[in-house]
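Q: Here it is, the structure in full.
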Amino acid sequence: MSVPLLDLTLQYSQLKDESDAVWFDVMEHAAYIGGPRVAALEKEVADYVGTEYCVACANGTDALFLILEALGVTRGDEVITTPWTFFATIECITHMGATPVMVDIDPKTYNMDPVALEAAITPKTKAIIPVHIYGQCCDMDAINAIAQKHDLVVIEDACQAMGATYKGKKAGALSRAAAFSFFPTKNLGCGGDGGCLTTDDKELADRCRLIANHGMPEKYIHTDFGTNSRLDALQAGLLSARLTKLDEWNQQRADAAAHYDEELAGVGDLVTPYVDPDGTHIYHLYILKTDKAVQLQEFLGSKSIGSALYYPLSLHEQKCFDLLDGYVKPDLPVAEECANATIAIPCYPGITRAQQDEVIAAVKEFFAADK
């Protein structure tokens, strides 16, 4: 039996009528950019996350960029973040002319280590970007306390965490502002690129919205230098429909994860995901840690089972940093140990127990043969 790492066709099949209606309505009225569908989605996401404001934009990378730009992060500033994330987190910092400072991760959650965070603060530090990796929130009480102590702003990279909670509050409502991605593979994904940012800060939301629309508060009147980062109405309509299913889909991921946890406990050197008791995990990715991750991926591929390494190389070891003047690779042993050792296996809404059991049997077969 072939089992993909992710099957997005299941989402469309569950919401086919709603999705098709959005398409025909947008095409019939030719209201492609902005408009009531985008405004409706912004309110729905803000209500869901628990913030006053949501600003839709073109993608999750832009959401981070807009926040940094609106906050005035610039050349000479330092922004502390994690090396265990998708490259966009770092990329946005460097495009501001600021310096990314990467600190090590917690070996259980793979999220930013607050102790390492505080040790990295300097007089040049302007902001902190914790990343809720794989769908589980960081230790935000500790991070926010450190930020408050040093008068720093916290920006959540919540691109993998729509619906995750920390002490009863949702990701995206745990800091000054947060960035979300609606890339199709995300728990809440659209039919292309899309993103948003959330905040309780009206001034920040207004400035982000201005920057995202060419610095243009009204047509052909420009009060600032901005960019073009707008969500189209078709994607907004699709996201509105899918948001109604998000909690159900996240629960299906959690149920599938629980089955893996039970069946894979004690198999080989596998480490199954740790769940922080202070929050809920939405399993954007179900991650296994093993020294044999590369070989396991090859074996699963031979069985037509999808998997992927998240991540094959920690960001602080990427070659692109050779382009930064004065860059000195930090010593981040936990992140380095995780490189090529963390592997995602199929865990998505609609995965059947039979499909999961196929994956489980293959993983067990691999480790039995490895003895």
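Labeling convention for the structure tokens: chains A, B, ... as they appear, residues from 1 per chain, ligands from 1 in order of appearance.
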Per DSSP on the backbone, what are the helix (DSSP H, G or I) residues of range 13-169 of chain A, as a PyMOL selection string?

A: chain A and resi 13-14+16-29+36-49+60-70+88-95+114-119+133-135+140-149

Q: What's the 8 Å shell around Asp224 in chain A, counting only C-alpha atoms, without same-chain residues fewer than 3 positions away, as a PyMOL selection string?

A: chain A and resi 210-211+214-216

Q: For the selection just defined, write its residues with N, CA, C and O atoms to a file, as an mmCIF file, in the first residue's frame.

A:
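File written: part_35.cif
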data_model
loop_
_atom_site.group_PDB
_atom_site.id
_atom_site.type_symbol
_atom_site.label_atom_id
_atom_site.label_comp_id
_atom_site.auth_asym_id
_atom_site.auth_seq_id
_atom_site.Cartn_x
_atom_site.Cartn_y
_atom_site.Cartn_z
ATOM 1 N N LEU A 210 -0.293 49.059 5.648
ATOM 2 C CA LEU A 210 0.190 50.109 4.752
ATOM 3 C C LEU A 210 1.394 49.625 3.951
ATOM 4 O O LEU A 210 1.451 49.793 2.722
ATOM 5 N N ILE A 211 2.354 49.007 4.632
ATOM 6 C CA ILE A 211 3.564 48.518 3.957
ATOM 7 C C ILE A 211 3.207 47.458 2.917
ATOM 8 O O ILE A 211 3.783 47.406 1.827
ATOM 9 N N HIS A 214 2.093 48.856 -0.874
ATOM 10 C CA HIS A 214 2.906 49.892 -1.513
ATOM 11 C C HIS A 214 2.977 51.197 -0.715
ATOM 12 O O HIS A 214 3.167 52.268 -1.307
ATOM 13 N N GLY A 215 2.791 51.146 0.600
ATOM 14 C CA GLY A 215 2.809 52.384 1.380
ATOM 15 C C GLY A 215 1.703 53.340 0.968
ATOM 16 O O GLY A 215 1.859 54.562 1.027
ATOM 17 N N MET A 216 0.550 52.779 0.583
ATOM 18 C CA MET A 216 -0.511 53.549 -0.074
ATOM 19 C C MET A 216 -1.798 53.523 0.763
ATOM 20 O O MET A 216 -2.584 52.578 0.684
#

Q: Here is a test: counting only C-alpha atoms, which residue of A:Tyr220, A:Phe65, A:Phe299, A:Tyr32 is nearest to Glu91 in chain A?

A: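 Result for the nearest residue to Glu91 in chain A: A:Phe65.
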
Q: Need to verify the contact set: Ser19 in chain A, 10 Å, only C-alpha atoms, exclusion of same-chain residues closer than 2 positions in sequence. Can you return it as a ChimeraX atom specification?

A: /A:11-17,21-24,191,234-235,237-242

Q: Name all residues at most 12 Å from Ala362 in chain A (count only C-alpha atoms; drop same-chain ones fewer than 5 positions away) and give them as number ranges by chain.

A: A: 1-3, 263-264, 267, 296-307, 345, 355-357, 367-369

Q: Could the residues in this selection be written to a file with C-alpha atoms, as a compact mmCIF listing (two decimals), in the first residue's frame?

A:
# COMPACT_ATOMS: atom_id res chain seq x y z
CA MET A 1 0.00 0.00 0.00
CA SER A 2 1.33 3.43 -0.97
CA VAL A 3 1.09 6.04 1.78
CA GLU A 263 2.85 1.44 18.42
CA LEU A 264 6.35 2.87 17.98
CA VAL A 267 11.18 0.46 18.66
CA LEU A 296 14.93 4.86 7.41
CA GLN A 297 13.82 7.40 4.81
CA GLU A 298 15.39 5.32 2.04
CA PHE A 299 13.74 2.17 3.34
CA LEU A 300 10.30 3.78 3.61
CA GLY A 301 10.70 5.09 0.08
CA SER A 302 11.32 1.56 -1.14
CA LYS A 303 7.96 0.66 0.39
CA SER A 304 6.21 3.63 -1.33
CA ILE A 305 5.78 5.38 2.01
CA GLY A 306 6.38 9.13 2.12
CA SER A 307 8.74 10.70 4.63
CA ILE A 345 6.20 10.18 8.70
CA GLN A 355 -2.39 3.36 6.20
CA GLN A 356 -0.85 4.07 9.58
CA ASP A 357 -0.42 0.38 10.28
CA PHE A 367 14.64 -1.72 12.85
CA ALA A 368 14.22 -5.49 13.12
CA ALA A 369 16.49 -5.93 10.11

Q: Give me the residues near Ala116 in chain A as a ChimeraX atom specification, where near means some atom within 7 Å (using only C-alpha atoms) and where sequence neighbours in that chain fewer than 4 positions away do not count.

A: /A:103-104,120

Q: Selected residues, N, CA, C and O atoms, written as a compact mmCIF listing (two decimals), in the first residue's frame, please.

A:
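Now in out-v6.txt:
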# COMPACT_ATOMS: atom_id res chain seq x y z
N VAL A 103 20.29 30.64 18.59
CA VAL A 103 20.58 29.98 19.86
C VAL A 103 20.07 28.55 19.81
O VAL A 103 19.20 28.20 19.00
N ASP A 104 20.58 27.72 20.69
CA ASP A 104 20.29 26.29 20.62
C ASP A 104 18.85 25.98 21.03
O ASP A 104 18.12 26.83 21.54
N ALA A 120 22.36 35.04 25.02
CA ALA A 120 22.75 35.61 23.72
C ALA A 120 22.40 37.09 23.59
O ALA A 120 22.75 37.72 22.59

Q: Residues of range 103-291 of chain A classed as strand (DSSP E) by DSSP on the backbone are to be reported as a PyMOL selection string.

A: chain A and resi 125-128+153-157+165-166+169-170+177-181+195-199+279-280+286-289

Q: Neighbouring residues of Thr280 in chain A were defined as those with any atom within 7 Å, considering only C-alpha atoms; residues of the same chain fewer than 4 positions away were excluded. Please report them as a ChimeraX atom specification.

A: /A:136,164-166

Q: Restricting the calculation to only C-alpha atoms, which member of A:Thr89, A:Ser314, A:Thr272, A:Thr61 is positioned closest to Pro333 in chain A?

A: A:Ser314

Q: Got a sec: who's within 9 Å of range 150-163 of chain A, counting only C-alpha atoms, leaving out chain neighbours fewer than 3 positions off, as a PyMOL selection string?

A: chain A and resi 48-49+60-61+64+67-68+71+89+121+125-137+143-147+170-183+186-188+195+246-247+250+280-285

Q: So, counting only C-alpha atoms, which residue among A:Ile221, A:Ile343, A:Cys190, A:Met140 is closest to Lys169 in chain A?

A: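 Using only C-alpha atoms, the shortest distance to Lys169 in chain A belongs to A:Met140.
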